[in-house]
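final_36.cif follows; it contains mmCIF, C-alpha atoms.
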data_protein
loop_
_atom_site.label_atom_id
_atom_site.label_comp_id
_atom_site.auth_asym_id
_atom_site.auth_seq_id
_atom_site.Cartn_x
_atom_site.Cartn_y
_atom_site.Cartn_z
CA MET A 1 -22.23 8.80 2.37
CA LEU A 2 -21.42 5.42 0.84
CA PHE A 3 -18.31 6.94 -0.75
CA PRO A 4 -16.03 9.75 0.49
CA GLU A 5 -17.00 13.09 -1.01
CA ILE A 6 -13.52 13.51 -2.47
CA THR A 7 -13.01 11.96 -5.92
CA PRO A 8 -10.16 9.62 -6.83
CA ALA A 9 -8.78 12.31 -9.16
CA GLN A 10 -8.71 14.79 -6.29
CA LYS A 11 -7.00 12.24 -4.06
CA ARG A 12 -4.28 11.85 -6.68
CA LYS A 13 -3.88 15.61 -6.97
CA ASN A 14 -3.72 16.00 -3.18
CA PHE A 15 -1.11 13.24 -3.02
CA ARG A 16 1.11 15.02 -5.54
CA GLU A 17 0.81 18.26 -3.60
CA ALA A 18 1.63 16.50 -0.33
CA LEU A 19 4.77 15.03 -1.89
CA LYS A 20 5.93 18.55 -2.80
CA SER A 21 5.57 19.71 0.82
CA GLY A 22 8.79 18.03 1.94
CA LYS A 23 6.97 16.22 4.74
CA LEU A 24 7.55 12.50 5.17
CA LEU A 25 4.21 10.83 4.40
CA GLN A 26 3.25 7.86 6.57
CA MET A 27 1.19 5.15 4.87
CA PRO A 28 0.30 2.07 6.96
CA GLY A 29 -0.73 -1.10 5.19
CA SER A 30 -4.42 -1.87 4.87
CA TRP A 31 -5.84 -5.32 4.31
CA SER A 32 -9.52 -4.39 4.41
CA PRO A 33 -11.82 -1.42 3.76
CA LEU A 34 -12.46 -1.10 7.49
CA ALA A 35 -8.73 -0.98 8.23
CA SER A 36 -8.44 1.93 5.76
CA MET A 37 -11.09 3.80 7.70
CA ALA A 38 -9.17 3.22 10.93
CA ILE A 39 -5.95 4.46 9.29
CA GLU A 40 -7.63 7.69 8.26
CA LYS A 41 -9.22 8.16 11.68
CA ALA A 42 -5.79 7.74 13.30
CA GLY A 43 -4.50 10.70 11.29
CA PHE A 44 -2.12 9.13 8.77
CA ASP A 45 -1.28 10.59 5.36
CA GLY A 46 -2.25 7.69 3.13
CA VAL A 47 -2.98 3.99 2.78
CA TYR A 48 -0.74 1.26 1.37
CA ILE A 49 -1.91 -2.08 -0.07
CA SER A 50 0.68 -4.84 0.04
CA GLY A 51 0.73 -7.56 -2.60
CA SER A 52 2.10 -9.90 0.03
CA VAL A 53 -0.82 -9.21 2.35
CA LEU A 54 -3.38 -9.64 -0.44
CA SER A 55 -1.82 -13.00 -1.29
CA ASN A 56 -1.64 -14.10 2.35
CA ASP A 57 -5.21 -13.02 3.02
CA LEU A 58 -6.29 -15.35 0.19
CA GLY A 59 -4.27 -18.15 1.77
CA TYR A 60 -1.37 -18.01 -0.72
CA PRO A 61 2.34 -17.36 -0.23
CA ASP A 62 3.76 -14.17 -1.75
CA ILE A 63 5.01 -15.69 -5.01
CA GLY A 64 2.92 -13.90 -7.63
CA LEU A 65 -0.17 -16.15 -7.60
CA THR A 66 -2.73 -13.34 -7.51
CA SER A 67 -4.30 -12.01 -10.71
CA LEU A 68 -4.79 -8.49 -11.99
CA THR A 69 -8.54 -8.81 -11.47
CA GLU A 70 -8.18 -9.92 -7.84
CA VAL A 71 -5.73 -7.15 -6.98
CA ALA A 72 -7.61 -4.41 -8.82
CA GLN A 73 -10.97 -5.26 -7.27
CA ARG A 74 -9.54 -5.56 -3.77
CA GLY A 75 -7.67 -2.30 -4.32
CA ARG A 76 -10.92 -0.54 -5.20
CA GLN A 77 -12.68 -1.92 -2.13
CA ILE A 78 -9.88 -0.80 0.19
CA ALA A 79 -9.30 2.61 -1.42
CA ARG A 80 -12.90 3.76 -1.78
CA THR A 81 -13.65 3.91 1.96
CA THR A 82 -11.17 6.68 2.72
CA SER A 83 -10.44 10.20 1.51
CA LEU A 84 -6.73 9.42 1.78
CA PRO A 85 -4.61 8.52 -1.27
CA THR A 86 -3.94 4.80 -1.62
CA ILE A 87 -0.96 3.18 -3.32
CA ILE A 88 -0.91 -0.47 -4.30
CA ASP A 89 1.64 -3.17 -5.06
CA ILE A 90 1.28 -4.55 -8.62
CA ASP A 91 4.22 -6.98 -8.29
CA THR A 92 5.82 -7.34 -11.74
CA GLY A 93 2.86 -5.83 -13.63
CA PHE A 94 0.89 -9.03 -14.33
CA GLY A 95 2.66 -9.86 -17.56
CA GLU A 96 4.81 -8.32 -20.23
CA PRO A 97 5.11 -4.54 -20.93
CA MET A 98 1.70 -4.18 -22.58
CA SER A 99 0.12 -5.82 -19.52
CA ALA A 100 1.90 -3.30 -17.31
CA THR A 101 0.28 -0.49 -19.30
CA ARG A 102 -3.13 -2.02 -18.84
CA THR A 103 -2.49 -2.64 -15.15
CA VAL A 104 -1.77 1.04 -14.49
CA GLN A 105 -4.93 2.00 -16.39
CA GLU A 106 -6.95 -0.44 -14.30
CA MET A 107 -5.55 0.96 -11.06
CA ILE A 108 -6.44 4.50 -12.09
CA GLU A 109 -9.97 3.43 -12.97
CA MET A 110 -10.26 1.62 -9.63
CA GLY A 111 -9.50 4.80 -7.68
CA LEU A 112 -5.90 4.20 -6.65
CA ALA A 113 -3.48 7.11 -6.31
CA GLY A 114 -0.32 5.22 -7.22
CA CYS A 115 1.32 1.84 -7.60
CA HIS A 116 4.75 0.26 -7.57
CA ILE A 117 6.16 -2.20 -10.07
CA GLU A 118 9.26 -4.29 -9.38
CA ASP A 119 12.18 -5.74 -11.29
CA GLN A 120 12.08 -9.33 -10.07
CA VAL A 121 11.63 -12.37 -12.29
CA ASN A 122 8.11 -13.76 -12.02
CA PRO A 123 7.24 -15.77 -9.94
CA LYS A 124 8.64 -13.26 -7.48
CA ARG A 125 9.18 -13.51 -3.75
CA CYS A 126 9.15 -11.29 -0.69
CA GLY A 127 11.76 -8.54 -0.97
CA HIS A 128 13.37 -9.47 2.34
CA LEU A 129 14.04 -13.11 1.45
CA ASP A 130 17.26 -14.43 -0.04
CA GLY A 131 17.57 -15.93 -3.51
CA LYS A 132 15.67 -13.30 -5.49
CA SER A 133 16.19 -13.24 -9.25
CA LEU A 134 15.97 -10.04 -11.29
CA VAL A 135 15.28 -9.30 -14.92
CA THR A 136 17.95 -7.19 -16.62
CA ARG A 137 18.01 -3.46 -16.04
CA ASP A 138 16.95 -2.79 -19.62
CA GLU A 139 14.05 -5.27 -19.46
CA ALA A 140 12.80 -3.68 -16.26
CA ALA A 141 13.16 -0.17 -17.73
CA ARG A 142 11.05 -1.19 -20.73
CA LYS A 143 8.31 -2.37 -18.41
CA VAL A 144 8.48 0.84 -16.38
CA ALA A 145 8.20 2.83 -19.61
CA ALA A 146 5.16 0.78 -20.62
CA ALA A 147 3.58 1.34 -17.20
CA ALA A 148 4.20 5.08 -17.57
CA ARG A 149 2.16 5.06 -20.79
CA GLY A 150 -0.83 3.93 -18.76
CA LYS A 151 -0.74 7.22 -16.85
CA LYS A 152 -2.33 9.09 -19.76
CA LEU A 153 -5.64 8.60 -17.97
CA ASP A 154 -4.33 10.79 -15.11
CA GLU A 155 -0.79 12.17 -14.98
CA ASN A 156 -1.16 12.71 -11.23
CA PHE A 157 -1.10 8.95 -10.72
CA LEU A 158 2.21 8.16 -8.98
CA LEU A 159 4.27 5.47 -10.72
CA ILE A 160 6.78 4.00 -8.29
CA ALA A 161 9.57 1.74 -9.53
CA ARG A 162 10.84 -0.78 -7.02
CA THR A 163 14.26 -2.36 -7.30
CA ASP A 164 15.35 -5.46 -5.41
CA ALA A 165 18.91 -5.22 -6.71
CA ARG A 166 20.56 -4.38 -3.38
CA ALA A 167 20.59 -8.00 -2.20
CA SER A 168 21.89 -9.67 -5.36
CA GLU A 169 23.79 -6.97 -7.27
CA GLY A 170 24.83 -4.48 -4.59
CA LEU A 171 23.93 -0.92 -3.69
CA ASP A 172 25.64 0.75 -6.65
CA ALA A 173 23.76 -1.47 -9.09
CA ALA A 174 20.50 -0.64 -7.30
CA ILE A 175 21.24 3.06 -7.73
CA ASP A 176 22.08 2.53 -11.39
CA ARG A 177 18.79 0.70 -11.92
CA ALA A 178 16.87 3.45 -10.12
CA LYS A 179 18.30 6.08 -12.46
CA ALA A 180 17.36 3.98 -15.49
CA TYR A 181 13.81 3.60 -14.19
CA ILE A 182 13.52 7.35 -13.64
CA ASP A 183 14.64 7.93 -17.21
CA ALA A 184 11.95 5.44 -18.28
CA GLY A 185 9.20 7.43 -16.56
CA ALA A 186 9.12 6.47 -12.87
CA ASP A 187 7.99 9.28 -10.56
CA CYS A 188 9.32 7.73 -7.35
CA ILE A 189 11.77 5.00 -6.36
CA PHE A 190 11.25 2.20 -3.84
CA THR A 191 14.55 0.51 -3.05
CA GLU A 192 14.00 -2.73 -1.20
CA ALA A 193 15.99 -4.22 1.68
CA LEU A 194 18.58 -1.54 2.39
CA GLU A 195 20.52 -2.67 5.43
CA ASN A 196 21.73 0.40 7.34
CA GLU A 197 21.54 4.17 7.66
CA LYS A 198 24.55 4.79 5.41
CA GLU A 199 22.85 2.94 2.57
CA PHE A 200 19.68 4.99 2.97
CA GLU A 201 21.79 8.14 2.98
CA LYS A 202 23.81 7.16 -0.10
CA PHE A 203 20.68 6.31 -2.03
CA ARG A 204 19.10 9.64 -1.16
CA LYS A 205 22.16 11.57 -2.34
CA ALA A 206 22.26 9.66 -5.63
CA VAL A 207 18.60 9.93 -6.64
CA SER A 208 16.66 13.15 -7.15
CA VAL A 209 13.03 11.96 -7.28
CA PRO A 210 10.88 11.12 -4.23
CA LEU A 211 11.95 8.00 -2.34
CA LEU A 212 9.84 5.40 -0.56
CA ALA A 213 11.15 3.55 2.51
CA ASN A 214 9.75 0.17 3.48
CA MET A 215 9.58 -0.38 7.24
CA THR A 216 8.51 -4.00 7.36
CA GLU A 217 8.97 -6.11 10.47
CA PHE A 218 11.41 -9.04 10.60
CA GLY A 219 13.25 -7.79 7.50
CA LYS A 220 16.86 -7.20 6.47
CA GLY A 221 17.35 -3.91 8.27
CA ARG A 222 16.25 -2.29 11.51
CA LEU A 223 13.06 -0.30 11.84
CA PHE A 224 13.91 3.38 11.45
CA THR A 225 11.83 6.00 13.25
CA TYR A 226 9.80 8.66 11.54
CA THR A 227 12.32 11.31 12.62
CA GLU A 228 15.27 9.31 11.30
CA LEU A 229 13.70 8.76 7.89
CA SER A 230 12.61 12.37 7.71
CA ASN A 231 16.14 13.55 8.48
CA LEU A 232 17.46 11.21 5.77
CA GLY A 233 15.24 13.01 3.26
CA TYR A 234 12.78 10.23 2.44
CA ASN A 235 9.33 11.18 1.20
CA ILE A 236 7.08 8.19 1.87
CA VAL A 237 7.29 5.46 4.51
CA ILE A 238 5.10 2.36 4.34
CA TYR A 239 4.36 -0.14 7.10
CA PRO A 240 3.05 -2.81 4.74
CA VAL A 241 2.21 -5.79 6.94
CA THR A 242 1.92 -4.21 10.40
CA THR A 243 -1.86 -4.06 10.74
CA PHE A 244 -2.22 -7.54 9.23
CA ARG A 245 0.35 -9.02 11.63
CA LEU A 246 -1.34 -7.31 14.57
CA ALA A 247 -4.73 -8.68 13.55
CA MET A 248 -3.47 -12.21 12.91
CA GLY A 249 -1.39 -12.25 16.10
CA ALA A 250 -4.42 -11.26 18.15
CA THR A 251 -6.64 -13.73 16.30
CA VAL A 252 -4.34 -16.70 16.85
CA ALA A 253 -3.86 -15.84 20.52
CA GLY A 254 -7.60 -15.38 21.01
CA LEU A 255 -8.46 -18.68 19.39
CA ALA A 256 -5.94 -20.44 21.62
CA GLU A 257 -7.52 -18.92 24.74
CA ILE A 258 -11.05 -19.89 23.68
CA LYS A 259 -9.87 -23.43 22.98
CA ALA A 260 -8.10 -23.65 26.34
CA LYS A 261 -10.70 -21.94 28.55
CA GLY A 262 -13.93 -22.56 26.68
CA THR A 263 -14.90 -18.87 26.69
CA GLN A 264 -13.83 -15.53 25.24
CA GLU A 265 -14.64 -13.71 28.49
CA GLY A 266 -10.98 -12.97 29.23
CA LEU A 267 -10.47 -11.42 25.79
CA LEU A 268 -13.09 -8.70 25.97
CA GLU A 269 -10.70 -5.94 27.03
CA LYS A 270 -8.53 -6.69 23.97
CA MET A 271 -11.42 -6.36 21.53
CA GLN A 272 -12.76 -3.37 19.68
CA THR A 273 -16.08 -2.61 21.35
CA ARG A 274 -19.40 -2.63 19.54
CA LYS A 275 -19.65 1.11 20.24
CA ASP A 276 -16.27 1.84 18.63
CA LEU A 277 -17.05 -0.35 15.61
CA TYR A 278 -20.37 1.41 15.08
CA ALA A 279 -18.66 4.79 15.37
CA LEU A 280 -16.02 3.84 12.79
CA THR A 281 -18.63 2.58 10.33
CA ARG A 282 -20.87 5.65 10.99
CA TYR A 283 -23.80 3.51 12.00
CA ASP A 284 -25.81 6.47 13.31
CA GLU A 285 -25.43 8.36 10.02
CA TYR A 286 -26.70 5.42 8.01
CA ASN A 287 -29.56 4.91 10.40
CA SER A 288 -30.55 8.57 10.19
CA PHE A 289 -30.33 8.47 6.40
CA ASP A 290 -32.60 5.44 6.27
CA GLN A 291 -35.17 7.00 8.60
CA ASN A 292 -35.21 10.17 6.52
CA ILE A 293 -36.15 8.15 3.44
CA PHE A 294 -38.82 6.04 5.13
CA ASN A 295 -40.44 8.85 7.09
CA PHE A 296 -43.99 8.23 5.92
CA THR A 297 -46.88 6.00 6.91
CA LEU A 298 -49.29 4.12 4.68
CA LYS A 299 -53.04 4.53 5.20
#
What does the file become when written as structure tokens?
Amino acid sequence: MLFPEITPAQKRKNFREALKSGKLLQMPGSWSPLASMAIEKAGFDGVYISGSVLSNDLGYPDIGLTSLTEVAQRGRQIARTTSLPTIIDIDTGFGEPMSATRTVQEMIEMGLAGCHIEDQVNPKRCGHLDGKSLVTRDEAARKVAAAARGKKLDENFLLIARTDARASEGLDAAIDRAKAYIDAGADCIFTEALENEKEFEKFRKAVSVPLLANMTEFGKGRLFTYTELSNLGYNIVIYPVTTFRLAMGATVAGLAEIKAKGTQEGLLEKMQTRKDLYALTRYDEYNSFDQNIFNFTLK
């Protein structure tokens, strides 16, 4: 009961099989174990953990300040509460190539189903900001190859290579990098900050492995619909910061109302009810379990 009955290895196997189905898999971002449970209850295909959100939730900007230990432990907490596969952002791999190998091993041991590693210079920045700097294609490919070596613990673990080259080097260079990363062992490609439908289409035609589309708000391009991305032939779509932005937007607005009115009475209809929270956390099941253990009396 404390953990889903499905094992992390089975989650990874299921994820691989789902990718073969041809269906576009929707993976909203989760910033807490409880959010993961809500994502599963809503009927999505998987869970995504954003490095940006993990940094922001700790009060840091998204510039690579988090450590492997922080990300791995938070990844485990978020992934373990759902039977869905969870993929996580490992930024630039937390060091040089050997560190990337270890990072992938850690993520497998923590129950993740996949991760993505990027080709930015560390300290990195959000993929939809200007002024990003990239390591060379060959340097990035070496790190991808090292990360792929970490998959020996479970070959079903999905290694996703992210390239931020579109903004600084152009679309053709991004495609060239993607092909190099595939040759190095990447199972899937995440191309960041494409700007229009033609670019999505061109990338899909040029690359044969599964592709991940990032539908983040306030970014470089417009927000494509599920149908549009499916028709373009993409395999995974993430909504990395959506649930976090919704939660923080509601929190800030609620705090302002309490400060102004001196009560939260007017906010009740916007809140998750106690009943719904208890249902999501399976309060009755835990209570029944506890009563079944302590079902005796002392004389």
Residue neighbourhood Ile160 (chain A), 8 Å, only C-alpha atoms, exclusion window fewer than 3 positions, as an MDAnalysis selection string: chainID A and resid 114:117 186:190
Explicit residue set for the PyMOL selection byres ((chain A and resi 184) around 9), as a list in words: Ala141, Arg142, Lys143, Val144, Ala145, Ala146, Ala148, Lys179, Ala180, Tyr181, Ile182, Asp183, Gly185 and Ala186 of chain A
Selected residues, C-alpha atoms, written as a PDB file, in the frame of the given file, please.
ATOM      1  CA  ALA A 141      13.160  -0.170 -17.730  1.00  0.00           C
ATOM      2  CA  ARG A 142      11.050  -1.190 -20.730  1.00  0.00           C
ATOM      3  CA  LYS A 143       8.310  -2.370 -18.410  1.00  0.00           C
ATOM      4  CA  VAL A 144       8.480   0.840 -16.380  1.00  0.00           C
ATOM      5  CA  ALA A 145       8.200   2.830 -19.610  1.00  0.00           C
ATOM      6  CA  ALA A 146       5.160   0.780 -20.620  1.00  0.00           C
ATOM      7  CA  ALA A 148       4.200   5.080 -17.570  1.00  0.00           C
ATOM      8  CA  LYS A 179      18.300   6.080 -12.460  1.00  0.00           C
ATOM      9  CA  ALA A 180      17.360   3.980 -15.490  1.00  0.00           C
ATOM     10  CA  TYR A 181      13.810   3.600 -14.190  1.00  0.00           C
ATOM     11  CA  ILE A 182      13.520   7.350 -13.640  1.00  0.00           C
ATOM     12  CA  ASP A 183      14.640   7.930 -17.210  1.00  0.00           C
ATOM     13  CA  GLY A 185       9.200   7.430 -16.560  1.00  0.00           C
ATOM     14  CA  ALA A 186       9.120   6.470 -12.870  1.00  0.00           C
TER      15      ALA A 186
END
Expansion of the PyMOL selection byres ((chain A and resi 34) around 12) into residues, as a VMD selection string: chain A and resid 29 to 33 35 to 41 47 77 to 82 243 277 to 282
Selection dump of the PyMOL selection byres ((chain A and resi 52-68) around 9), as a count of residues only: 28
Shortest interatomic distance to Glu192 (chain A) - which of A:Gly254, A:Pro210, A:Gly111, A:Gly219, counting all atoms listed in the file: A:Gly219
Interatomic distance (Å, one decimal) between CA of Ala213 (chain A) and CA of Ala193 (chain A): 9.2 Å
Please produce region 206-231 of chain A, completed to N, CA, C and O atoms, as a PDB file, in the frame of the given file.
ATOM      1  N   ALA A 206      22.067  10.044  -4.229  1.00  0.00           N
ATOM      2  CA  ALA A 206      22.260   9.660  -5.630  1.00  0.00           C
ATOM      3  C   ALA A 206      21.030   9.863  -6.496  1.00  0.00           C
ATOM      4  O   ALA A 206      21.139   9.971  -7.721  1.00  0.00           O
ATOM      5  N   VAL A 207      19.853   9.925  -5.885  1.00  0.00           N
ATOM      6  CA  VAL A 207      18.600   9.930  -6.640  1.00  0.00           C
ATOM      7  C   VAL A 207      17.808  11.188  -6.307  1.00  0.00           C
ATOM      8  O   VAL A 207      17.640  11.549  -5.141  1.00  0.00           O
ATOM      9  N   SER A 208      17.288  11.848  -7.347  1.00  0.00           N
ATOM     10  CA  SER A 208      16.660  13.150  -7.150  1.00  0.00           C
ATOM     11  C   SER A 208      15.145  13.101  -6.957  1.00  0.00           C
ATOM     12  O   SER A 208      14.560  14.037  -6.407  1.00  0.00           O
ATOM     13  N   VAL A 209      14.500  12.033  -7.384  1.00  0.00           N
ATOM     14  CA  VAL A 209      13.030  11.960  -7.280  1.00  0.00           C
ATOM     15  C   VAL A 209      12.623  11.525  -5.866  1.00  0.00           C
ATOM     16  O   VAL A 209      13.469  11.098  -5.069  1.00  0.00           O
ATOM     17  N   PRO A 210      11.332  11.608  -5.536  1.00  0.00           N
ATOM     18  CA  PRO A 210      10.880  11.120  -4.230  1.00  0.00           C
ATOM     19  C   PRO A 210      11.262   9.659  -3.989  1.00  0.00           C
ATOM     20  O   PRO A 210      11.275   8.852  -4.918  1.00  0.00           O
ATOM     21  N   LEU A 211      11.550   9.350  -2.729  1.00  0.00           N
ATOM     22  CA  LEU A 211      11.950   8.000  -2.340  1.00  0.00           C
ATOM     23  C   LEU A 211      10.978   7.417  -1.323  1.00  0.00           C
ATOM     24  O   LEU A 211      10.512   8.115  -0.417  1.00  0.00           O
ATOM     25  N   LEU A 212      10.717   6.128  -1.468  1.00  0.00           N
ATOM     26  CA  LEU A 212       9.840   5.400  -0.560  1.00  0.00           C
ATOM     27  C   LEU A 212      10.669   4.442   0.275  1.00  0.00           C
ATOM     28  O   LEU A 212      11.483   3.678  -0.257  1.00  0.00           O
ATOM     29  N   ALA A 213      10.470   4.463   1.587  1.00  0.00           N
ATOM     30  CA  ALA A 213      11.150   3.550   2.510  1.00  0.00           C
ATOM     31  C   ALA A 213      10.162   2.522   3.022  1.00  0.00           C
ATOM     32  O   ALA A 213       9.032   2.857   3.397  1.00  0.00           O
ATOM     33  N   ASN A 214      10.597   1.279   3.044  1.00  0.00           N
ATOM     34  CA  ASN A 214       9.750   0.170   3.480  1.00  0.00           C
ATOM     35  C   ASN A 214      10.152  -0.256   4.889  1.00  0.00           C
ATOM     36  O   ASN A 214      11.213  -0.847   5.078  1.00  0.00           O
ATOM     37  N   MET A 215       9.307   0.026   5.864  1.00  0.00           N
ATOM     38  CA  MET A 215       9.580  -0.380   7.240  1.00  0.00           C
ATOM     39  C   MET A 215       8.732  -1.616   7.578  1.00  0.00           C
ATOM     40  O   MET A 215       7.687  -1.532   8.227  1.00  0.00           O
ATOM     41  N   THR A 216       9.205  -2.748   7.106  1.00  0.00           N
ATOM     42  CA  THR A 216       8.510  -4.000   7.360  1.00  0.00           C
ATOM     43  C   THR A 216       9.194  -4.749   8.494  1.00  0.00           C
ATOM     44  O   THR A 216      10.432  -4.736   8.599  1.00  0.00           O
ATOM     45  N   GLU A 217       8.417  -5.393   9.322  1.00  0.00           N
ATOM     46  CA  GLU A 217       8.970  -6.110  10.470  1.00  0.00           C
ATOM     47  C   GLU A 217       9.684  -7.391  10.024  1.00  0.00           C
ATOM     48  O   GLU A 217       9.334  -7.984   9.013  1.00  0.00           O
ATOM     49  N   PHE A 218      10.680  -7.783  10.801  1.00  0.00           N
ATOM     50  CA  PHE A 218      11.410  -9.040  10.600  1.00  0.00           C
ATOM     51  C   PHE A 218      12.143  -9.065   9.252  1.00  0.00           C
ATOM     52  O   PHE A 218      12.317 -10.119   8.637  1.00  0.00           O
ATOM     53  N   GLY A 219      12.586  -7.894   8.793  1.00  0.00           N
ATOM     54  CA  GLY A 219      13.250  -7.790   7.500  1.00  0.00           C
ATOM     55  C   GLY A 219      14.765  -7.727   7.624  1.00  0.00           C
ATOM     56  O   GLY A 219      15.355  -8.068   8.650  1.00  0.00           O
ATOM     57  N   LYS A 220      15.401  -7.248   6.544  1.00  0.00           N
ATOM     58  CA  LYS A 220      16.860  -7.200   6.470  1.00  0.00           C
ATOM     59  C   LYS A 220      17.464  -6.142   7.383  1.00  0.00           C
ATOM     60  O   LYS A 220      18.553  -6.315   7.926  1.00  0.00           O
ATOM     61  N   GLY A 221      16.791  -5.009   7.485  1.00  0.00           N
ATOM     62  CA  GLY A 221      17.350  -3.910   8.270  1.00  0.00           C
ATOM     63  C   GLY A 221      16.516  -3.615   9.496  1.00  0.00           C
ATOM     64  O   GLY A 221      15.460  -4.205   9.726  1.00  0.00           O
ATOM     65  N   ARG A 222      17.005  -2.661  10.315  1.00  0.00           N
ATOM     66  CA  ARG A 222      16.250  -2.290  11.510  1.00  0.00           C
ATOM     67  C   ARG A 222      15.103  -1.355  11.131  1.00  0.00           C
ATOM     68  O   ARG A 222      15.045  -0.817  10.025  1.00  0.00           O
ATOM     69  N   LEU A 223      14.209  -1.169  12.060  1.00  0.00           N
ATOM     70  CA  LEU A 223      13.060  -0.300  11.840  1.00  0.00           C
ATOM     71  C   LEU A 223      13.431   1.123  12.221  1.00  0.00           C
ATOM     72  O   LEU A 223      13.608   1.444  13.395  1.00  0.00           O
ATOM     73  N   PHE A 224      13.557   1.991  11.214  1.00  0.00           N
ATOM     74  CA  PHE A 224      13.910   3.380  11.450  1.00  0.00           C
ATOM     75  C   PHE A 224      12.679   4.152  11.944  1.00  0.00           C
ATOM     76  O   PHE A 224      11.540   3.847  11.578  1.00  0.00           O
ATOM     77  N   THR A 225      12.922   5.169  12.751  1.00  0.00           N
ATOM     78  CA  THR A 225      11.830   6.000  13.250  1.00  0.00           C
ATOM     79  C   THR A 225      11.422   7.021  12.194  1.00  0.00           C
ATOM     80  O   THR A 225      12.146   7.272  11.220  1.00  0.00           O
ATOM     81  N   TYR A 226      10.278   7.609  12.423  1.00  0.00           N
ATOM     82  CA  TYR A 226       9.800   8.660  11.540  1.00  0.00           C
ATOM     83  C   TYR A 226      10.818   9.795  11.450  1.00  0.00           C
ATOM     84  O   TYR A 226      11.130  10.284  10.364  1.00  0.00           O
ATOM     85  N   THR A 227      11.344  10.208  12.593  1.00  0.00           N
ATOM     86  CA  THR A 227      12.320  11.310  12.620  1.00  0.00           C
ATOM     87  C   THR A 227      13.578  10.953  11.846  1.00  0.00           C
ATOM     88  O   THR A 227      14.112  11.781  11.092  1.00  0.00           O
ATOM     89  N   GLU A 228      14.058   9.738  12.010  1.00  0.00           N
ATOM     90  CA  GLU A 228      15.270   9.310  11.300  1.00  0.00           C
ATOM     91  C   GLU A 228      15.065   9.331   9.794  1.00  0.00           C
ATOM     92  O   GLU A 228      15.910   9.854   9.056  1.00  0.00           O
ATOM     93  N   LEU A 229      13.966   8.791   9.332  1.00  0.00           N
ATOM     94  CA  LEU A 229      13.700   8.760   7.890  1.00  0.00           C
ATOM     95  C   LEU A 229      13.468  10.158   7.341  1.00  0.00           C
ATOM     96  O   LEU A 229      13.894  10.479   6.225  1.00  0.00           O
ATOM     97  N   SER A 230      12.824  10.986   8.122  1.00  0.00           N
ATOM     98  CA  SER A 230      12.610  12.370   7.710  1.00  0.00           C
ATOM     99  C   SER A 230      13.936  13.098   7.564  1.00  0.00           C
ATOM    100  O   SER A 230      14.165  13.819   6.581  1.00  0.00           O
ATOM    101  N   ASN A 231      14.825  12.906   8.527  1.00  0.00           N
ATOM    102  CA  ASN A 231      16.140  13.550   8.480  1.00  0.00           C
ATOM    103  C   ASN A 231      16.982  13.022   7.319  1.00  0.00           C
ATOM    104  O   ASN A 231      17.857  13.737   6.802  1.00  0.00           O
TER     105      ASN A 231
END
